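Student: Below is the structure I would like to discuss, written out as structure tokens.
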Amino acid sequence: MAVPISYSLRNLWKRRLTTILTVSGMALVVFVFAAILMMAEGLQKTLVETGSYDNVVVFRKGSTSEVMSSIERKQASIVEMLPQVAIDQHGRRLLAKEVVVLISLQKRGDEKAAAHSNVVVRGVEEKSVPLRPQVKLVSGRMFRMGSSEIIVGNSIAKGFKGVGLQGTLNWGMRTWTVVGVFDAGNTGFSSEIWGDVDQVMQAFRRPVYSSVIFKLQNPAEFPTAKGAIEADQRLTLEAKRETRYYLDQSEMMAKFLRILGLSLTIIFSIGAIIGAMITMYSAVANRIGEIGTMRALGFRRRNILAAFLAESLLLGFIGGAAGLFFASFMQFITVSTVNFQTFSELAFKFTLTGPIVLQAMSFSLIMGLIGGLLPAFRASRMNIVEALRAA
Amino acid sequence: MMILKILFRNAFHNKLRSGLTILGIAVAILAFGLLRTVISSWYAGVEAASTSRLVTRNAISIIFTLPLSYNEKIRQLEGVKMVSYGNWFGGVYIDEKNFFPNFCVEPRTYLEIYPEFVLSPAEKKAFIADRKGFVAGRKLAAKYRWKIGDTVTLKGTIYPGNWDFVLRGIYKGRDDTTDETQFYFHWDYLNETIKKVSSQQADQVGFYMIAVTRPDLAAEVALAVDKTFKNSLAETLTETEKAFNQGFIAMSGAIVTAIQMVSFVVIIIIMAVVANTMAMTTRERIGDYAIMKTLGFGSRDITILIFGESLVITLTGCLTGMILTYPAAAAFGHALETFFPIFIVSTETLYLDVLAAILIGCLAAIIPTRQAIRIGIADGLRRIG
């Protein structure tokens, strides 16, 4: 017959202070573990959602981001003529030749530090907009082609100085007016500034495009298009699916965060396991008489073992639940930092997913289990007579 | 003396529990020390940077270049001792994973502005004489087992193609904080190759390094440089090397803040563990305290006993953790050499370790002490088994 679970529960309640301290230690570990995984997940999710599966990004061979890439006008026209490029209902080819540069802007807040960060300025064509259905204007209007007008993503408008609606920026000996703010949801575009490609190229004296983006007529035709671009002797270009392109950009940083998170939590969990172990050892030591009585009543060794393991698993469960509860509030926080790989500012949210909940919870239960294992063994191996005498 | 003996006896009364607690503290102090070191190595570039060197770059952002013609104009400004220039090359060695910073520079002036890169005169001469030559830091050369005379090929990400270089010198850092993982080659080599491909992009410089005659002139010179090129096609932004490096770190500020927060969380976690231990210890010994009270010891004595015991445990753990920090930091630093070229445990970290241990010890003792003091003598005596 098994020892009822209420025995373990009431035991935890009886020694509240100890239980709370142990649980809060575990909860903190779970919190850190979940928060770092959420950060890596949020980063990756943001960049993955930035790309669309049926879009293709073409850039110069060997360059790792659009900023480093350069495509001559002649080469861009060759790509434009590919038969795989989709055509919209007006008969236009859904292909945009864009230029991407970084400008340094001052962040809001931090007056004395005057922190600057690199922001992506993307020179776009009219056809760039239908290629990015995620981008929606939330205030103001679209910029006019051929003018020094720009629209900014909402993360940039929020995080940087002087880029709100009607704000002005100076680059290339010109003044640029912000005429609109757009929201691109949780995507990298929310951290960009858009203007007319020809104006941007002229202002920055860049005679070449950075990348060419086009929509595939049929998503399955990607290998054909890629083959055609990469085999062409006149082009020194490389093509990637947009989803893949952005995923690659998040790889280094996400890996860094995961390694950091993992090594931190492993170290922390040692502390928490020790905490659980101390608690359970003393739980056993204080209840030697009880254990003796239970054994005398006919409970088996394995029942005792199970009861104490259940108690420490409960500790782990409560700790895990508390940690996840607090971690779930992190979802309201947006982090804006520089992606090492592209060297440009990127805003992303902490994202809690099912697998993270599962991982964090199992991690917490494992902590409880390991912490409780040795004490539970000690309890189950007690001699009845000696245990009763100790009481 | 007597009191110390009692404290140690008490602390190690329950060997298993104290041992576990000490282990927990040691691990926490180790983690705290490593995290602090991570943060300080993040700032290593700032620490090593000089305030008497200025960096001039394009005001729009770091990816834009400046014309080479600025070199002469900057040199003529008052307070400027020497000017050098270079570009970030962004080359990849075999695979993207093998990251190390690589620059092309004007070798003669650059090495003079950076006296902390120590090269033997022969190596220096060989490097300057060979246009395809490069110098690498000691750690970098050791990592890839490069020997003088070896040819190394980098794949350009900004400047396309495969670039061959010949190792002409291995520099050593003058100070502990000098980065020994960098790669420098001739700016002329880059420029001439670019000239052949597209003459428009030639004669462009990524940054100017300026040495000033006196450090206190730095601010004035910086202003003078920026004023000279105001309203030109390529406006400049000049700041001290320290401020420049600080700017880079500020960009990844969110991560630094996160690590900083986490390093305090570990202290809180371990505080919970120690508080737990102390709570149990006091609960078990409540009878002892009642007897002491009967004998006439006051609350002050009991407070000293509990706080002392808690401190004995935390400080023992702290000492163990501090000793462990050194081998751990060495291993950690070696594994993450690409991210953190400098990874040294600072004395400040050790002070913080001790401070944290004392803090944990005191805070963990507060609640148990209150309980022990509040309990009535009769209640306490009755609890004896």
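The way I read the labels, and the way they are meant: chains A, B, ... in the order of the structure tokens, residue 1 as the first residue of every chain, and ligand 1 as the first ligand shown, with later ones counted on from there.
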Please identify all residues of chain A having at least one atom at most 6 Å from any atom of chain B, considering only C-alpha atoms, and return them as a ChimeraX atom specification.

Tutor: /A:18,21,25,62-63,68,103-104,115,117,271,275,278,337-338

Student: Excluding stretch 254-260 of chain A and any residue of its chain fewer than 3 positions from it, enumerate the residues within 10 Å of it, using only C-alpha atoms, and give them as a PyMOL selection string.

Tutor: (chain A and resi 33+36-44+247+249-251+263-265+339) or (chain B and resi 255+259+339)

Student: Excluding stretch 180-193 of chain B and its own-chain neighbours fewer than 6 positions away, which residues fall within 8 Å of it when counting only C-alpha atoms? Please give them as a PyMOL selection string.

Tutor: chain B and resi 86-87+100-107+131-141+165+171-173+202-204+341

Student: Write out as number ranges by chain the residues lying within 7 Å of stretch 159-161 of chain A, counting only C-alpha atoms and excluding same-chain residues fewer than 2 positions away.

Tutor: A: 105-108, 155-157, 163

Student: Could you pull the residues within 9 Å of stretch 75-81 of chain A, counting only C-alpha atoms, minus those fewer than 2 positions along the same chain, as a list in words?

Tutor: Val58, Ile71, Glu72, Arg73, Pro83, Gln84, Val85, Arg93, Leu95, Ala96, Lys97, Tyr209, Ser211, Val212, Phe214, Ile229, Arg234, Leu235, Thr236 and Leu237 of chain A

Student: State, in Å with one decimal place, the distance from atom CA of B:Lys5 to atom CA of B:Leu305.

Tutor: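 Interatomic distance, atom CA of B:Lys5 to atom CA of B:Leu305: 10.9 Å.
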
Student: One decimal, Å: what's the distance from atom CA of A:Val120 over to atom CA of B:Glu241, could you say?

Tutor: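 Taking atom CA of A:Val120 and atom CA of B:Glu241, their separation equals 24.5 Å.
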
Student: Calculated over only C-alpha atoms, which of the candidates B:Leu77, B:Leu359, B:Ile304, B:Ile29 has the smallest distance to B:Leu217?

Tutor: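 Nearest candidate to B:Leu217 out of B:Leu77, B:Leu359, B:Ile304, B:Ile29: B:Leu77.
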
Student: Using only C-alpha atoms, which residues sit within 10 Å of A:Gly323 once same-chain residues fewer than 2 positions away are excluded, as an mmCIF file with N, CA and C atoms, in the first residue's frame?

Tutor:
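The result, stored in selection-v1.cif:
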data_model
loop_
_atom_site.group_PDB
_atom_site.id
_atom_site.type_symbol
_atom_site.label_atom_id
_atom_site.label_comp_id
_atom_site.auth_asym_id
_atom_site.auth_seq_id
_atom_site.Cartn_x
_atom_site.Cartn_y
_atom_site.Cartn_z
ATOM 1 N N VAL A 23 12.082 26.125 -2.344
ATOM 2 C CA VAL A 23 11.323 26.350 -3.571
ATOM 3 C C VAL A 23 11.794 27.628 -4.260
ATOM 4 N N SER A 24 12.060 28.678 -3.476
ATOM 5 C CA SER A 24 12.435 29.923 -4.162
ATOM 6 C C SER A 24 13.796 29.781 -4.826
ATOM 7 N N GLY A 25 14.702 29.019 -4.198
ATOM 8 C CA GLY A 25 15.982 28.758 -4.864
ATOM 9 C C GLY A 25 15.764 28.072 -6.195
ATOM 10 N N MET A 26 14.934 27.022 -6.178
ATOM 11 C CA MET A 26 14.676 26.286 -7.418
ATOM 12 C C MET A 26 13.956 27.155 -8.434
ATOM 13 N N ALA A 27 13.003 27.959 -7.940
ATOM 14 C CA ALA A 27 12.229 28.802 -8.850
ATOM 15 C C ALA A 27 13.154 29.770 -9.583
ATOM 16 N N LEU A 28 14.124 30.306 -8.873
ATOM 17 C CA LEU A 28 15.051 31.241 -9.510
ATOM 18 C C LEU A 28 15.856 30.548 -10.603
ATOM 19 N N VAL A 29 16.302 29.328 -10.314
ATOM 20 C CA VAL A 29 17.069 28.596 -11.329
ATOM 21 C C VAL A 29 16.202 28.389 -12.574
ATOM 22 N N VAL A 30 14.967 27.937 -12.331
ATOM 23 C CA VAL A 30 14.063 27.691 -13.461
ATOM 24 C C VAL A 30 13.800 28.998 -14.210
ATOM 25 N N PHE A 31 13.658 30.065 -13.459
ATOM 26 C CA PHE A 31 13.403 31.368 -14.071
ATOM 27 C C PHE A 31 14.543 31.756 -15.017
ATOM 28 N N VAL A 32 15.768 31.646 -14.527
ATOM 29 C CA VAL A 32 16.918 32.004 -15.366
ATOM 30 C C VAL A 32 16.984 31.086 -16.587
ATOM 31 N N PHE A 33 16.803 29.812 -16.343
ATOM 32 C CA PHE A 33 16.850 28.831 -17.428
ATOM 33 C C PHE A 33 15.814 29.177 -18.492
ATOM 34 N N ALA A 34 14.567 29.389 -18.046
ATOM 35 C CA ALA A 34 13.484 29.685 -18.997
ATOM 36 C C ALA A 34 13.739 31.014 -19.693
ATOM 37 N N ALA A 35 14.189 32.020 -18.918
ATOM 38 C CA ALA A 35 14.344 33.354 -19.508
ATOM 39 C C ALA A 35 15.381 33.345 -20.626
ATOM 40 N N PHE A 317 8.351 20.512 -8.405
ATOM 41 C CA PHE A 317 7.209 20.950 -9.197
ATOM 42 C C PHE A 317 6.790 22.367 -8.808
ATOM 43 N N ILE A 318 6.709 22.598 -7.494
ATOM 44 C CA ILE A 318 6.297 23.939 -7.059
ATOM 45 C C ILE A 318 7.325 24.969 -7.509
ATOM 46 N N GLY A 319 8.614 24.606 -7.353
ATOM 47 C CA GLY A 319 9.676 25.510 -7.785
ATOM 48 C C GLY A 319 9.566 25.811 -9.270
ATOM 49 N N GLY A 320 9.346 24.766 -10.063
ATOM 50 C CA GLY A 320 9.241 24.928 -11.511
ATOM 51 C C GLY A 320 8.056 25.795 -11.880
ATOM 52 N N ALA A 321 6.918 25.526 -11.216
ATOM 53 C CA ALA A 321 5.714 26.294 -11.535
ATOM 54 C C ALA A 321 5.919 27.769 -11.191
ATOM 55 N N PHE A 325 5.963 30.806 -13.781
ATOM 56 C CA PHE A 325 4.969 31.864 -13.590
ATOM 57 C C PHE A 325 5.640 33.232 -13.766
ATOM 58 N N PHE A 326 6.779 33.407 -13.098
ATOM 59 C CA PHE A 326 7.458 34.697 -13.214
ATOM 60 C C PHE A 326 8.085 34.882 -14.592
ATOM 61 N N ALA A 327 8.569 33.783 -15.160
ATOM 62 C CA ALA A 327 9.191 33.888 -16.477
ATOM 63 C C ALA A 327 8.166 34.304 -17.526
ATOM 64 N N SER A 328 6.897 33.887 -17.328
ATOM 65 C CA SER A 328 5.894 34.203 -18.344
ATOM 66 C C SER A 328 5.659 35.715 -18.435
ATOM 67 N N ALA A 360 11.774 23.413 -19.036
ATOM 68 C CA ALA A 360 12.012 24.037 -17.740
ATOM 69 C C ALA A 360 11.403 23.188 -16.636
ATOM 70 N N MET A 361 10.197 22.666 -16.896
ATOM 71 C CA MET A 361 9.529 21.870 -15.870
ATOM 72 C C MET A 361 10.278 20.570 -15.622
ATOM 73 N N SER A 364 13.268 21.204 -13.603
ATOM 74 C CA SER A 364 12.973 21.428 -12.195
ATOM 75 C C SER A 364 12.688 20.106 -11.479
#

Student: Tell me, as a list in words, which residues lie within 6 Å of stretch 288-290 of chain B, counting only C-alpha atoms; anything in the same chain fewer than 6 positions away does not count.

Tutor: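 Close residues of stretch 288-290 of chain B: Ile377, Gly380 and Leu381 of chain B.
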
Student: So, with only C-alpha atoms as the atoms that count, which of B:Ala224, B:Ala48, B:Ile128, B:Ile3 lies closest to B:Arg174?

Tutor: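 Smallest distance to B:Arg174 is found for B:Ala48.
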
Student: When DSSP is applied to the backbone of this structure, which of stretch 141-293 of chain B are assigned alpha helix (DSSP H)? Write them out as a PyMOL selection string.

Tutor: chain B and resi 141-144+187-197+218-228+241-251+253-284+286-293

Student: Create the file for the chosen residues now, containing C-alpha atoms and written as a PDB file, in the first residue's frame.

Tutor:
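The result, stored in result_34.pdb:
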ATOM      1  CA  ALA B 141      49.488  32.232 -34.038  1.00  0.00           C
ATOM      2  CA  ALA B 142      49.610  29.559 -31.350  1.00  0.00           C
ATOM      3  CA  LYS B 143      45.956  28.621 -31.896  1.00  0.00           C
ATOM      4  CA  TYR B 144      46.391  27.892 -35.593  1.00  0.00           C
ATOM      5  CA  TRP B 187      46.634  48.583 -46.311  1.00  0.00           C
ATOM      6  CA  ASP B 188      48.476  49.019 -49.632  1.00  0.00           C
ATOM      7  CA  TYR B 189      47.934  45.369 -50.485  1.00  0.00           C
ATOM      8  CA  LEU B 190      44.194  45.769 -50.140  1.00  0.00           C
ATOM      9  CA  ASN B 191      44.095  49.108 -51.881  1.00  0.00           C
ATOM     10  CA  GLU B 192      46.062  48.016 -54.904  1.00  0.00           C
ATOM     11  CA  THR B 193      43.964  44.925 -55.397  1.00  0.00           C
ATOM     12  CA  ILE B 194      40.806  47.006 -55.201  1.00  0.00           C
ATOM     13  CA  LYS B 195      42.220  49.490 -57.681  1.00  0.00           C
ATOM     14  CA  LYS B 196      42.483  46.770 -60.289  1.00  0.00           C
ATOM     15  CA  VAL B 197      38.847  45.731 -59.857  1.00  0.00           C
ATOM     16  CA  ALA B 218      42.652  64.895 -27.085  1.00  0.00           C
ATOM     17  CA  ALA B 219      39.294  66.640 -26.811  1.00  0.00           C
ATOM     18  CA  GLU B 220      40.485  69.716 -28.682  1.00  0.00           C
ATOM     19  CA  VAL B 221      42.056  67.726 -31.477  1.00  0.00           C
ATOM     20  CA  ALA B 222      38.903  65.618 -31.849  1.00  0.00           C
ATOM     21  CA  LEU B 223      36.820  68.766 -32.270  1.00  0.00           C
ATOM     22  CA  ALA B 224      39.308  70.248 -34.715  1.00  0.00           C
ATOM     23  CA  VAL B 225      39.264  67.129 -36.888  1.00  0.00           C
ATOM     24  CA  ASP B 226      35.475  67.016 -37.047  1.00  0.00           C
ATOM     25  CA  LYS B 227      35.312  70.732 -37.796  1.00  0.00           C
ATOM     26  CA  THR B 228      37.719  70.378 -40.702  1.00  0.00           C
ATOM     27  CA  GLU B 241      39.861  55.078 -28.462  1.00  0.00           C
ATOM     28  CA  LYS B 242      38.291  54.410 -25.079  1.00  0.00           C
ATOM     29  CA  ALA B 243      35.016  56.084 -26.017  1.00  0.00           C
ATOM     30  CA  PHE B 244      35.075  54.319 -29.373  1.00  0.00           C
ATOM     31  CA  ASN B 245      35.420  50.895 -27.768  1.00  0.00           C
ATOM     32  CA  GLN B 246      32.843  51.812 -25.165  1.00  0.00           C
ATOM     33  CA  GLY B 247      30.433  52.585 -27.985  1.00  0.00           C
ATOM     34  CA  PHE B 248      30.803  49.055 -29.285  1.00  0.00           C
ATOM     35  CA  ILE B 249      30.021  47.599 -25.899  1.00  0.00           C
ATOM     36  CA  ALA B 250      27.054  49.895 -25.396  1.00  0.00           C
ATOM     37  CA  MET B 251      25.532  48.268 -28.477  1.00  0.00           C
ATOM     38  CA  GLY B 253      24.451  46.526 -23.526  1.00  0.00           C
ATOM     39  CA  ALA B 254      21.343  44.390 -23.139  1.00  0.00           C
ATOM     40  CA  ILE B 255      23.427  41.229 -22.905  1.00  0.00           C
ATOM     41  CA  VAL B 256      25.865  42.730 -20.420  1.00  0.00           C
ATOM     42  CA  THR B 257      22.959  43.836 -18.262  1.00  0.00           C
ATOM     43  CA  ALA B 258      21.469  40.355 -18.455  1.00  0.00           C
ATOM     44  CA  ILE B 259      24.721  38.737 -17.319  1.00  0.00           C
ATOM     45  CA  GLN B 260      25.073  41.277 -14.551  1.00  0.00           C
ATOM     46  CA  MET B 261      21.569  40.534 -13.321  1.00  0.00           C
ATOM     47  CA  VAL B 262      22.170  36.821 -13.488  1.00  0.00           C
ATOM     48  CA  SER B 263      25.346  37.154 -11.434  1.00  0.00           C
ATOM     49  CA  PHE B 264      23.246  38.652  -8.669  1.00  0.00           C
ATOM     50  CA  VAL B 265      20.568  36.012  -9.032  1.00  0.00           C
ATOM     51  CA  VAL B 266      23.130  33.334  -8.209  1.00  0.00           C
ATOM     52  CA  ILE B 267      23.824  35.158  -4.958  1.00  0.00           C
ATOM     53  CA  ILE B 268      20.121  35.206  -4.126  1.00  0.00           C
ATOM     54  CA  ILE B 269      19.766  31.500  -4.907  1.00  0.00           C
ATOM     55  CA  ILE B 270      22.583  30.601  -2.603  1.00  0.00           C
ATOM     56  CA  MET B 271      21.235  32.933   0.021  1.00  0.00           C
ATOM     57  CA  ALA B 272      18.062  30.868   0.041  1.00  0.00           C
ATOM     58  CA  VAL B 273      20.120  27.705   0.495  1.00  0.00           C
ATOM     59  CA  VAL B 274      22.167  29.100   3.377  1.00  0.00           C
ATOM     60  CA  ALA B 275      19.126  30.640   5.041  1.00  0.00           C
ATOM     61  CA  ASN B 276      17.536  27.225   4.837  1.00  0.00           C
ATOM     62  CA  THR B 277      20.502  25.563   6.508  1.00  0.00           C
ATOM     63  CA  MET B 278      20.563  28.163   9.254  1.00  0.00           C
ATOM     64  CA  ALA B 279      16.828  27.861   9.811  1.00  0.00           C
ATOM     65  CA  MET B 280      17.176  24.111  10.307  1.00  0.00           C
ATOM     66  CA  THR B 281      20.213  24.409  12.523  1.00  0.00           C
ATOM     67  CA  THR B 282      18.532  26.887  14.800  1.00  0.00           C
ATOM     68  CA  ARG B 283      15.356  24.849  14.942  1.00  0.00           C
ATOM     69  CA  GLU B 284      17.352  21.820  16.062  1.00  0.00           C
ATOM     70  CA  ILE B 286      16.489  25.753  20.086  1.00  0.00           C
ATOM     71  CA  GLY B 287      16.876  23.703  23.307  1.00  0.00           C
ATOM     72  CA  ASP B 288      20.549  24.675  23.551  1.00  0.00           C
ATOM     73  CA  TYR B 289      19.646  28.320  23.252  1.00  0.00           C
ATOM     74  CA  ALA B 290      17.001  27.960  25.936  1.00  0.00           C
ATOM     75  CA  ILE B 291      19.604  26.456  28.271  1.00  0.00           C
ATOM     76  CA  MET B 292      22.010  29.268  27.470  1.00  0.00           C
ATOM     77  CA  LYS B 293      19.313  31.770  28.254  1.00  0.00           C
TER      78      LYS B 293
END

Student: Hey, can you check how far atom CA of B:Glu348 sits from atom CA of A:Phe268?

Tutor: 22.4 Å

Student: Report the residues of stretch 78-221 of chain B whose backbone DSSP state falls under strand (DSSP E or B), written as a ChimeraX atom specification.

Tutor: /B:80-88,91-92,102-105,117-118,133-137,151-156,162-173,183-186,204-205,207-212
